[in-house]
file input_13.cif (mmCIF, C-alpha atoms)
data_target
#
loop_
_atom_site.label_atom_id
_atom_site.label_comp_id
_atom_site.auth_asym_id
_atom_site.auth_seq_id
_atom_site.Cartn_x
_atom_site.Cartn_y
_atom_site.Cartn_z
CA MET A 1115 17.09 -21.96 -9.00
CA THR A 1116 14.85 -22.07 -5.93
CA SER A 1117 11.19 -21.62 -6.78
CA VAL A 1118 8.68 -19.45 -4.93
CA SER A 1119 6.86 -22.63 -3.88
CA GLU A 1120 10.03 -24.04 -2.36
CA LEU A 1121 10.74 -20.83 -0.46
CA TYR A 1122 7.17 -20.75 0.83
CA GLU A 1123 7.20 -24.35 2.07
CA ALA A 1124 10.61 -23.83 3.69
CA ARG A 1125 9.19 -20.94 5.71
CA VAL A 1126 6.17 -22.99 6.73
CA ARG A 1127 8.41 -25.81 7.94
CA ALA A 1128 10.54 -23.29 9.86
CA GLY A 1129 7.46 -21.87 11.57
CA ALA A 1130 7.93 -18.44 10.00
CA LEU A 1131 4.64 -18.81 8.10
CA GLU A 1132 1.38 -20.59 8.75
CA GLY A 1133 0.38 -22.47 5.62
CA ASP A 1134 -2.70 -21.09 3.89
CA PRO A 1135 -4.54 -23.07 1.15
CA ALA A 1136 -5.38 -19.91 -0.80
CA GLN A 1137 -1.75 -18.77 -0.71
CA ARG A 1138 -0.63 -22.20 -1.89
CA GLY A 1139 -3.19 -21.95 -4.69
CA VAL A 1140 -1.46 -18.94 -6.26
CA LEU A 1141 2.10 -20.27 -5.91
CA PRO A 1142 2.09 -21.88 -9.41
CA ALA A 1143 1.42 -18.46 -10.95
CA LEU A 1144 4.33 -16.97 -9.01
CA ASP A 1145 6.57 -19.86 -10.06
CA ARG A 1146 5.67 -19.20 -13.70
CA VAL A 1147 6.91 -15.62 -13.37
CA THR A 1148 10.30 -16.55 -11.93
CA ALA A 1149 10.72 -19.46 -14.38
CA GLY A 1150 9.95 -17.09 -17.22
CA LEU A 1151 12.56 -14.64 -15.98
CA ALA A 1152 15.12 -17.44 -15.85
CA ALA A 1153 14.33 -18.39 -19.45
CA ALA A 1154 14.23 -14.86 -20.90
CA PRO A 1155 17.52 -13.55 -22.33
CA ALA A 1156 19.14 -10.92 -20.12
CA ALA A 1157 20.27 -8.85 -23.10
CA ALA A 1158 16.65 -8.18 -23.99
CA ASN A 1159 16.64 -5.55 -21.31
CA GLY A 1160 19.04 -5.98 -18.41
CA GLY A 1161 22.16 -6.79 -20.45
CA TRP A 1162 24.42 -4.15 -21.96
CA LEU A 1163 23.10 -4.73 -25.49
CA GLY A 1164 19.56 -4.05 -24.35
CA ARG A 1165 20.61 -0.93 -22.47
CA PHE A 1166 22.60 0.41 -25.40
CA PHE A 1167 20.23 -0.34 -28.25
CA GLY A 1168 16.96 -0.34 -26.32
CA THR A 1169 16.06 -3.65 -27.98
CA PRO A 1170 12.85 -5.19 -26.67
CA ALA A 1171 12.63 -8.91 -26.12
CA PRO A 1172 10.57 -10.89 -28.66
CA ALA A 1173 7.08 -11.46 -27.33
CA ALA A 1174 7.65 -15.19 -26.91
CA GLU A 1175 10.72 -14.58 -24.75
CA ARG A 1176 9.21 -12.10 -22.32
CA ALA A 1177 8.27 -13.28 -18.86
CA ARG A 1178 4.59 -12.49 -18.44
CA GLY A 1179 3.78 -10.38 -15.41
CA LEU A 1180 1.31 -10.96 -12.62
CA TYR A 1181 -1.45 -8.86 -11.04
CA LEU A 1182 -2.22 -10.37 -7.62
CA TRP A 1183 -5.32 -8.96 -6.00
CA GLY A 1184 -7.42 -9.71 -2.94
CA GLY A 1185 -8.55 -8.46 0.44
CA VAL A 1186 -6.26 -6.91 3.00
CA GLY A 1187 -4.22 -9.12 5.28
CA ARG A 1188 -4.20 -12.10 2.89
CA GLY A 1189 -0.42 -12.15 2.43
CA LYS A 1190 -0.03 -10.53 -0.98
CA SER A 1191 3.02 -8.48 -0.02
CA MET A 1192 4.68 -11.49 1.60
CA LEU A 1193 4.20 -13.54 -1.57
CA MET A 1194 5.62 -10.74 -3.71
CA ASP A 1195 8.68 -10.67 -1.45
CA LEU A 1196 9.17 -14.35 -2.25
CA VAL A 1197 9.06 -13.53 -5.97
CA MET A 1198 11.78 -10.95 -5.43
CA GLU A 1199 13.88 -13.49 -3.54
CA ALA A 1200 13.39 -16.26 -6.10
CA ALA A 1201 13.84 -14.13 -9.24
CA PRO A 1202 17.18 -15.22 -10.76
CA LEU A 1203 18.50 -11.82 -11.77
CA ARG A 1204 20.14 -8.74 -10.28
CA GLU A 1205 18.14 -6.12 -12.18
CA LYS A 1206 15.02 -6.18 -10.03
CA ARG A 1207 13.26 -3.66 -7.84
CA ARG A 1208 10.46 -3.70 -5.27
CA VAL A 1209 8.72 -0.38 -4.58
CA HIS A 1210 5.41 0.88 -3.26
CA PHE A 1211 3.33 1.88 -6.28
CA HIS A 1212 2.53 5.33 -4.94
CA ALA A 1213 6.22 6.08 -4.31
CA PHE A 1214 7.05 4.86 -7.82
CA MET A 1215 4.48 7.17 -9.40
CA GLN A 1216 5.88 10.10 -7.44
CA GLU A 1217 9.28 9.31 -8.96
CA ILE A 1218 7.71 9.13 -12.42
CA GLN A 1219 5.95 12.48 -12.04
CA ALA A 1220 9.22 14.08 -10.91
CA GLY A 1221 10.97 12.55 -13.92
CA LEU A 1222 8.27 13.86 -16.27
CA ASN A 1223 8.68 17.38 -14.90
CA GLU A 1224 12.43 17.15 -15.46
CA ALA A 1225 11.99 15.84 -19.01
CA ARG A 1226 9.54 18.62 -19.85
CA ARG A 1227 11.94 21.25 -18.54
CA ALA A 1228 14.58 19.74 -20.81
CA GLY A 1229 12.24 20.25 -23.78
CA ALA A 1230 11.25 16.63 -24.43
CA GLN A 1231 8.37 16.34 -26.88
CA ASP A 1232 7.36 12.98 -25.41
CA ALA A 1233 8.24 13.19 -21.73
CA VAL A 1234 6.99 9.70 -20.86
CA ARG A 1235 9.35 7.76 -23.15
CA PRO A 1236 12.72 8.84 -21.70
CA VAL A 1237 11.43 8.34 -18.16
CA ALA A 1238 10.06 4.87 -18.95
CA GLU A 1239 13.23 3.89 -20.82
CA ARG A 1240 15.37 4.92 -17.86
CA VAL A 1241 13.29 2.70 -15.57
CA ALA A 1242 13.50 -0.18 -18.06
CA ALA A 1243 17.28 0.16 -18.31
CA GLU A 1244 17.61 -0.42 -14.58
CA ALA A 1245 15.20 -3.29 -13.94
CA ARG A 1246 13.99 -6.39 -15.76
CA LEU A 1247 11.59 -7.10 -12.91
CA LEU A 1248 9.48 -4.44 -11.22
CA CYS A 1249 7.46 -5.44 -8.15
CA PHE A 1250 4.84 -2.90 -7.12
CA ASP A 1251 3.17 -3.09 -3.75
CA GLU A 1252 -0.45 -1.92 -3.54
CA MET A 1253 -1.38 -0.62 -6.95
CA GLN A 1254 -4.18 1.87 -6.58
CA ILE A 1255 -4.80 4.91 -8.73
CA THR A 1256 -6.74 7.87 -7.40
CA ASP A 1257 -4.81 10.78 -8.91
CA ILE A 1258 -5.89 11.96 -12.37
CA ALA A 1259 -2.29 12.93 -13.21
CA ASP A 1260 -1.21 9.31 -12.64
CA ALA A 1261 -4.27 7.91 -14.41
CA MET A 1262 -3.57 9.88 -17.58
CA ILE A 1263 0.02 8.65 -18.06
CA VAL A 1264 0.12 5.18 -16.54
CA GLY A 1265 -1.11 3.40 -19.69
CA ARG A 1266 1.61 4.80 -21.92
CA LEU A 1267 4.22 4.32 -19.19
CA PHE A 1268 3.45 0.62 -18.84
CA GLN A 1269 3.17 0.12 -22.59
CA ILE A 1270 6.77 1.28 -22.98
CA LEU A 1271 7.94 -0.81 -20.03
CA PHE A 1272 6.36 -3.89 -21.59
CA GLU A 1273 7.84 -3.06 -24.99
CA LYS A 1274 11.26 -2.98 -23.36
CA GLY A 1275 10.75 -6.45 -21.93
CA VAL A 1276 10.15 -5.44 -18.30
CA THR A 1277 8.18 -7.95 -16.24
CA VAL A 1278 5.77 -6.39 -13.75
CA VAL A 1279 4.40 -8.06 -10.63
CA THR A 1280 1.95 -6.02 -8.61
CA THR A 1281 -0.38 -6.44 -5.66
CA SER A 1282 -3.68 -4.65 -5.29
CA ASN A 1283 -6.79 -4.72 -3.14
CA ARG A 1284 -8.87 -4.22 -6.28
CA VAL A 1285 -9.65 -6.22 -9.39
CA PRO A 1286 -8.21 -4.32 -12.41
CA GLU A 1287 -11.66 -3.18 -13.53
CA ASP A 1288 -12.09 -1.29 -10.24
CA LEU A 1289 -8.89 0.77 -10.59
CA TYR A 1290 -9.59 4.52 -10.80
CA LYS A 1291 -13.27 3.70 -10.37
CA ASN A 1292 -15.52 6.74 -10.91
CA GLY A 1293 -12.42 8.82 -11.67
CA LEU A 1294 -12.50 11.95 -13.82
CA ASN A 1295 -12.19 11.15 -17.56
CA ARG A 1296 -12.06 7.45 -16.69
CA GLU A 1297 -12.74 6.46 -20.31
CA LEU A 1298 -9.17 7.57 -21.10
CA PHE A 1299 -7.93 5.16 -18.43
CA LEU A 1300 -9.75 2.07 -19.68
CA PRO A 1301 -7.04 1.05 -22.22
CA PHE A 1302 -4.68 0.57 -19.26
CA ILE A 1303 -7.04 -2.03 -17.78
CA ALA A 1304 -7.08 -3.83 -21.13
CA LEU A 1305 -3.26 -3.68 -21.17
CA ILE A 1306 -3.09 -5.30 -17.73
CA ARG A 1307 -5.35 -8.11 -18.90
CA GLU A 1308 -3.26 -8.58 -22.05
CA ARG A 1309 0.22 -8.47 -20.57
CA MET A 1310 -0.25 -9.76 -17.01
CA GLU A 1311 -1.88 -12.81 -15.50
CA VAL A 1312 -4.62 -11.61 -13.15
CA VAL A 1313 -4.89 -13.84 -10.08
CA GLU A 1314 -7.14 -13.45 -7.06
CA LEU A 1315 -5.84 -14.40 -3.62
CA ALA A 1316 -9.24 -15.43 -2.29
CA SER A 1317 -8.38 -16.46 1.23
CA PRO A 1318 -11.22 -16.24 3.76
CA ARG A 1319 -8.62 -15.46 6.43
CA ASP A 1320 -7.43 -11.99 7.22
CA HIS A 1321 -4.07 -12.82 8.80
CA ARG A 1322 -3.79 -9.23 9.96
CA GLN A 1323 -6.97 -9.48 12.01
CA ASP A 1324 -5.74 -12.81 13.37
CA ARG A 1325 -2.72 -11.01 14.78
CA LEU A 1326 -4.96 -8.41 16.43
CA HIS A 1327 -7.68 -10.74 17.69
CA GLY A 1328 -8.02 -10.36 21.43
CA GLY A 1329 -4.83 -8.33 21.72
CA GLN A 1330 -4.34 -4.96 23.36
CA VAL A 1331 -4.87 -2.00 21.05
CA TRP A 1332 -4.86 0.95 23.49
CA PHE A 1333 -1.56 1.68 25.24
CA THR A 1334 -1.26 4.03 28.21
CA PRO A 1335 0.48 5.92 29.72
CA LEU A 1336 2.68 7.50 27.08
CA GLY A 1337 6.33 6.55 27.25
CA ALA A 1338 8.88 4.05 26.05
CA ASP A 1339 6.71 0.98 26.77
CA ALA A 1340 3.78 2.34 24.79
CA GLU A 1341 6.05 3.36 21.92
CA ARG A 1342 7.63 -0.10 21.78
CA ALA A 1343 4.20 -1.73 21.79
CA MET A 1344 3.07 0.46 18.88
CA ASP A 1345 6.26 -0.32 16.97
CA ARG A 1346 5.72 -4.06 17.49
CA LEU A 1347 2.16 -3.93 16.19
CA TRP A 1348 3.19 -1.83 13.21
CA ALA A 1349 5.85 -4.39 12.35
CA ASP A 1350 3.38 -7.26 12.78
CA LEU A 1351 0.74 -5.66 10.58
CA THR A 1352 2.91 -4.39 7.73
CA ASP A 1353 4.92 -6.36 5.20
CA CYS A 1354 5.96 -3.51 2.90
CA ALA A 1355 9.64 -2.86 2.23
CA GLU A 1356 8.75 0.83 1.87
CA THR A 1357 6.08 2.75 3.80
CA PRO A 1358 5.49 6.06 2.03
CA PRO A 1359 3.14 8.71 3.40
CA LEU A 1360 -0.59 8.20 3.03
CA GLU A 1361 -1.44 10.58 0.20
CA LEU A 1362 -5.06 11.64 -0.30
CA GLU A 1363 -6.75 14.09 -2.62
CA VAL A 1364 -9.58 15.95 -0.90
CA HIS A 1365 -11.57 18.53 -2.86
CA GLY A 1366 -8.65 19.21 -5.18
CA ARG A 1367 -5.98 19.51 -2.49
CA ARG A 1368 -3.40 16.93 -1.48
CA LEU A 1369 -3.22 15.61 2.06
CA SER A 1370 -0.11 13.75 3.25
CA LEU A 1371 -0.04 11.84 6.53
CA GLY A 1372 2.31 9.49 8.35
CA ALA A 1373 3.02 6.18 6.64
CA VAL A 1374 0.96 3.51 4.92
CA CYS A 1375 1.29 -0.14 3.88
CA GLU A 1376 -1.60 -2.06 2.31
CA ARG A 1377 -4.37 -0.01 3.96
CA VAL A 1378 -2.63 0.03 7.33
CA ALA A 1379 -1.61 3.60 8.19
CA ARG A 1380 0.24 5.21 11.07
CA ALA A 1381 0.31 8.87 12.08
CA SER A 1382 0.74 10.94 15.21
CA PHE A 1383 -2.11 12.75 16.94
CA TRP A 1384 -0.56 16.05 15.93
CA GLU A 1385 -0.29 15.09 12.25
CA LEU A 1386 -3.99 14.26 12.26
CA CYS A 1387 -5.44 16.80 14.65
CA GLY A 1388 -2.82 19.53 14.93
CA ARG A 1389 -3.58 20.83 11.45
CA PRO A 1390 -6.74 22.58 10.24
CA LEU A 1391 -8.35 19.43 8.83
CA GLY A 1392 -12.09 18.93 8.62
CA PRO A 1393 -14.73 16.23 8.21
CA ALA A 1394 -13.98 15.68 4.51
CA ASP A 1395 -10.33 14.99 5.31
CA PHE A 1396 -11.14 12.51 8.05
CA LEU A 1397 -13.74 10.77 5.88
CA ALA A 1398 -11.06 10.37 3.20
CA VAL A 1399 -8.69 8.84 5.77
CA ALA A 1400 -11.39 6.45 6.99
CA GLU A 1401 -12.15 5.37 3.43
CA ALA A 1402 -8.48 4.81 2.57
CA VAL A 1403 -7.47 2.57 5.48
CA ASP A 1404 -8.66 -0.51 7.33
CA VAL A 1405 -6.33 -0.10 10.32
CA LEU A 1406 -5.04 3.19 11.73
CA LEU A 1407 -2.34 3.55 14.37
CA ILE A 1408 -2.38 6.91 16.18
CA ASP A 1409 0.66 7.79 18.26
CA ALA A 1410 0.74 9.97 21.38
CA ILE A 1411 -2.81 11.16 22.02
CA PRO A 1412 -2.39 13.78 24.78
CA ARG A 1413 -4.75 14.79 27.56
CA LEU A 1414 -7.47 17.00 26.11
CA SER A 1415 -8.74 20.23 27.64
CA ALA A 1416 -9.57 23.84 26.91
CA ALA A 1417 -5.86 24.37 26.21
CA ASN A 1418 -6.05 22.25 23.06
CA PHE A 1419 -9.75 22.60 22.35
CA ASN A 1420 -9.40 22.84 18.55
CA GLU A 1421 -7.27 19.71 18.41
CA ALA A 1422 -9.73 17.89 20.70
CA ARG A 1423 -12.64 18.88 18.48
CA ARG A 1424 -10.83 17.53 15.42
CA PHE A 1425 -10.07 14.32 17.31
CA VAL A 1426 -13.79 13.85 18.02
CA THR A 1427 -14.56 14.32 14.31
CA LEU A 1428 -11.81 11.87 13.36
CA ILE A 1429 -13.08 9.18 15.74
CA ASP A 1430 -16.63 9.63 14.42
CA ALA A 1431 -15.38 9.02 10.87
CA LEU A 1432 -13.33 5.97 11.88
CA TYR A 1433 -16.22 4.58 13.94
CA GLU A 1434 -18.77 4.87 11.13
CA ALA A 1435 -16.34 3.28 8.65
CA LYS A 1436 -15.50 0.42 11.07
CA VAL A 1437 -11.77 1.20 10.89
CA ARG A 1438 -9.63 -0.77 13.35
CA LEU A 1439 -7.96 1.73 15.73
CA ILE A 1440 -4.69 1.20 17.61
CA ALA A 1441 -3.41 4.04 19.76
CA SER A 1442 -1.02 5.19 22.43
CA ALA A 1443 -2.48 7.80 24.75
CA ALA A 1444 -1.89 9.75 27.93
CA ASP A 1445 -4.74 7.92 29.65
CA ARG A 1446 -7.64 5.54 29.10
CA PRO A 1447 -10.48 7.01 26.98
CA ALA A 1448 -12.77 7.91 29.87
CA SER A 1449 -9.99 9.95 31.52
CA LEU A 1450 -8.60 11.71 28.46
CA TYR A 1451 -10.91 14.74 28.65
CA VAL A 1452 -12.34 15.29 32.11
CA GLU A 1453 -12.71 19.05 32.47
CA GLY A 1454 -13.28 22.17 30.45
CA GLU A 1455 -15.43 23.03 27.45
CA GLY A 1456 -16.24 19.92 25.46
CA ALA A 1457 -15.64 17.42 28.28
CA PHE A 1458 -19.32 16.46 28.50
CA GLU A 1459 -19.62 15.93 24.75
CA PHE A 1460 -16.44 13.82 24.80
CA GLU A 1461 -18.20 11.15 26.85
CA ARG A 1462 -19.75 9.86 23.61
CA THR A 1463 -16.33 9.73 21.97
CA ALA A 1464 -14.86 7.90 24.96
CA SER A 1465 -17.65 5.34 24.72
CA ARG A 1466 -16.89 4.81 21.05
CA LEU A 1467 -13.19 4.44 21.77
CA MET A 1468 -13.95 1.73 24.30
CA GLU A 1469 -16.23 -0.06 21.85
CA MET A 1470 -13.55 0.09 19.14
CA GLN A 1471 -11.16 -1.89 21.35
CA ALA A 1472 -13.34 -5.02 21.10
CA ALA A 1473 -11.68 -8.06 19.54
CA ASP A 1474 -14.31 -8.32 16.78
CA TRP A 1475 -14.24 -4.64 15.83
CA GLY A 1476 -13.37 -3.73 12.26
CA ARG A 1477 -14.57 -4.24 8.75
#
call {"tool": "encode", "arguments": {"input": "input_13.cif", "output": "structure tokens"}}
result
Amino acid sequence: MTSVSELYEARVRAGALEGDPAQRGVLPALDRVTAGLAAAPAAANGGWLGRFFGTPAPAAERARGLYLWGGVGRGKSMLMDLVMEAAPLREKRRVHFHAFMQEIQAGLNEARRAGAQDAVRPVAERVAAEARLLCFDEMQITDIADAMIVGRLFQILFEKGVTVVTTSNRVPEDLYKNGLNRELFLPFIALIRERMEVVELASPRDHRQDRLHGGQVWFTPLGADAERAMDRLWADLTDCAETPPLELEVHGRRLSLGAVCERVARASFWELCGRPLGPADFLAVAEAVDVLLIDAIPRLSAANFNEARRFVTLIDALYEAKVRLIASAADRPASLYVEGEGAFEFERTASRLMEMQAADWGR
């Protein structure tokens, strides 16, 4: 069996990765996960006996999971991909945590319609029957519906011998921070601490910012070249196998935009500004991301005054939050809005857009 450490060093030697001391520091924890999976009996969950009888593995035979947390751009998703590659079993799955919870909520609705008294158990057992290893990218919990069921869901997964590896930008104690009825969520944090090794990836380097440093972040005019440049940067900045929509809850309503991977999001101008969104929505976007790619900003004028006004509000929110902006546009900022109502006021926005292109911009 090839270990995670061996895969990592092979990629460094091949020039596919630049070695990072902090990343190397967490490799032993990742190796323990894959070694534990190799030692655990397949029938405990993935084999046909486990599927038929639902027999959990004895505690001593379970491979303990891992909760890998740290700042953005530190390589957490890349390291989790190495765990997936090194794990010596077929019954494994990598999924963005938000997409997984959407699947769970859909399964719960189906189970309730079928009359299940305990809707969580059949959904969790179905997940456990299909995977001995679950790798979740970017665990974050902001939805009260998810917060209220995630503890019981994971308890059943662990009972069934499922090993969970997850990445997060937050230490477990900060999950669902200040959320409604958070006291009901606290047992889940204790469960994470009990059943998973919590490891911080404390690298001082943000590899994502390294990739952006000094590079072009505003692409004009619109067309195939600008689109290719945006696609290249998106690929450089994201390591997620799945990029679900950015889902936000704003004043009790759900807002869905573009795609997201580890606090890097991408959406078109019309997704952001072509809908009746307001300051609260844009503040929520700015709080949820560190880098935002906006595709196809058009020329602004009286003909699209409402969209232009929303764009100004969006840029103000991104500017105040120090969000890194990457965009394709019909023209450079100073020439985007040159005539009609609002053109004079846009000069301030254009100035901010120019400032946000600086190499050292961002939080």
call {"tool": "resolve_selection", "arguments": {"input": "input_13.cif", "expression": "the PyMOL selection byres ((chain A and resi 1331) around 8)", "output": "ChimeraX atom specification"}}
result
/A:1326,1329-1330,1332-1333,1439-1441,1471
call {"tool": "resolve_selection", "arguments": {"input": "input_13.cif", "expression": "the PyMOL selection byres ((chain A and resi 1185-1194) around 9)", "output": "MDAnalysis selection string"}}
result
chainID A and resid 1118 1122 1136:1137 1141 1144 1182:1184 1195:1199 1208 1249:1252 1279:1284 1315:1323 1351:1355 1376:1378 1404
call {"tool": "resolve_selection", "arguments": {"input": "input_13.cif", "expression": "the PyMOL selection byres ((chain A and resi 1444) around 9)", "output": "MDAnalysis selection string"}}
result
chainID A and resid 1333:1337 1410:1413 1442:1443 1445:1446 1449:1450
call {"tool": "closest_residue", "arguments": {"input": "input_13.cif", "among": "A:Val1399, A:Ile1258, A:Val1209, A:Leu1267", "to": "Val1237 in chain A", "atoms": "all atoms listed in the file"}}
result
A:Leu1267
call {"tool": "atom_distance", "arguments": {"input": "input_13.cif", "atom1": "CA of Lys1206 in chain A", "atom2": "CA of Glu1244 in chain A"}}
result
7.8 Å
call {"tool": "atom_distance", "arguments": {"input": "input_13.cif", "atom1": "CA of Ala1417 in chain A", "atom2": "CA of Phe1383 in chain A"}}
result
15.3 Å
call {"tool": "atom_distance", "arguments": {"input": "input_13.cif", "atom1": "CA of Phe1214 in chain A", "atom2": "CA of Ala1304 in chain A"}}
result
21.3 Å
call {"tool": "closest_residue", "arguments": {"input": "input_13.cif", "among": "A:Ala1349, A:Leu1131, A:Ala1200, A:Ile1270", "to": "Leu1151 in chain A", "atoms": "all atoms listed in the file"}}
result
A:Ala1200
call {"tool": "residues_around", "arguments": {"input": "input_13.cif", "residues": "Glu1459 in chain A", "least_positions_apart": "3", "cutoff": "12 Å", "atoms": "all atoms listed in the file", "output": "PDB file with C-alpha atoms, in the coordinates of the input"}}
result
ATOM      1  CA  ALA A1422      -9.730  17.890  20.700  1.00  0.00           C
ATOM      2  CA  ARG A1423     -12.640  18.880  18.480  1.00  0.00           C
ATOM      3  CA  VAL A1426     -13.790  13.850  18.020  1.00  0.00           C
ATOM      4  CA  THR A1427     -14.560  14.320  14.310  1.00  0.00           C
ATOM      5  CA  ALA A1448     -12.770   7.910  29.870  1.00  0.00           C
ATOM      6  CA  TYR A1451     -10.910  14.740  28.650  1.00  0.00           C
ATOM      7  CA  VAL A1452     -12.340  15.290  32.110  1.00  0.00           C
ATOM      8  CA  GLU A1453     -12.710  19.050  32.470  1.00  0.00           C
ATOM      9  CA  GLY A1454     -13.280  22.170  30.450  1.00  0.00           C
ATOM     10  CA  GLU A1455     -15.430  23.030  27.450  1.00  0.00           C
ATOM     11  CA  GLY A1456     -16.240  19.920  25.460  1.00  0.00           C
ATOM     12  CA  ARG A1462     -19.750   9.860  23.610  1.00  0.00           C
ATOM     13  CA  THR A1463     -16.330   9.730  21.970  1.00  0.00           C
ATOM     14  CA  ALA A1464     -14.860   7.900  24.960  1.00  0.00           C
ATOM     15  CA  SER A1465     -17.650   5.340  24.720  1.00  0.00           C
TER      16      SER A1465
END
call {"tool": "closest_residue", "arguments": {"input": "input_13.cif", "among": "A:Thr1116, A:Ile1408, A:Thr1148, A:Lys1291", "to": "Ala1340 in chain A", "atoms": "all atoms listed in the file"}}
result
A:Ile1408
call {"tool": "residues_around", "arguments": {"input": "input_13.cif", "residues": "Val1312 in chain A", "least_positions_apart": "3", "cutoff": "9 Å", "atoms": "all atoms listed in the file", "output": "ChimeraX atom specification"}}
result
/A:1179-1183,1285-1286,1306-1307
call {"tool": "residues_around", "arguments": {"input": "input_13.cif", "residues": "Leu1294 in chain A", "least_positions_apart": "3", "cutoff": "12 Å", "atoms": "only C-alpha atoms", "output": "MDAnalysis selection string"}}
result
chainID A and resid 1255:1262 1290:1291 1297:1300 1366
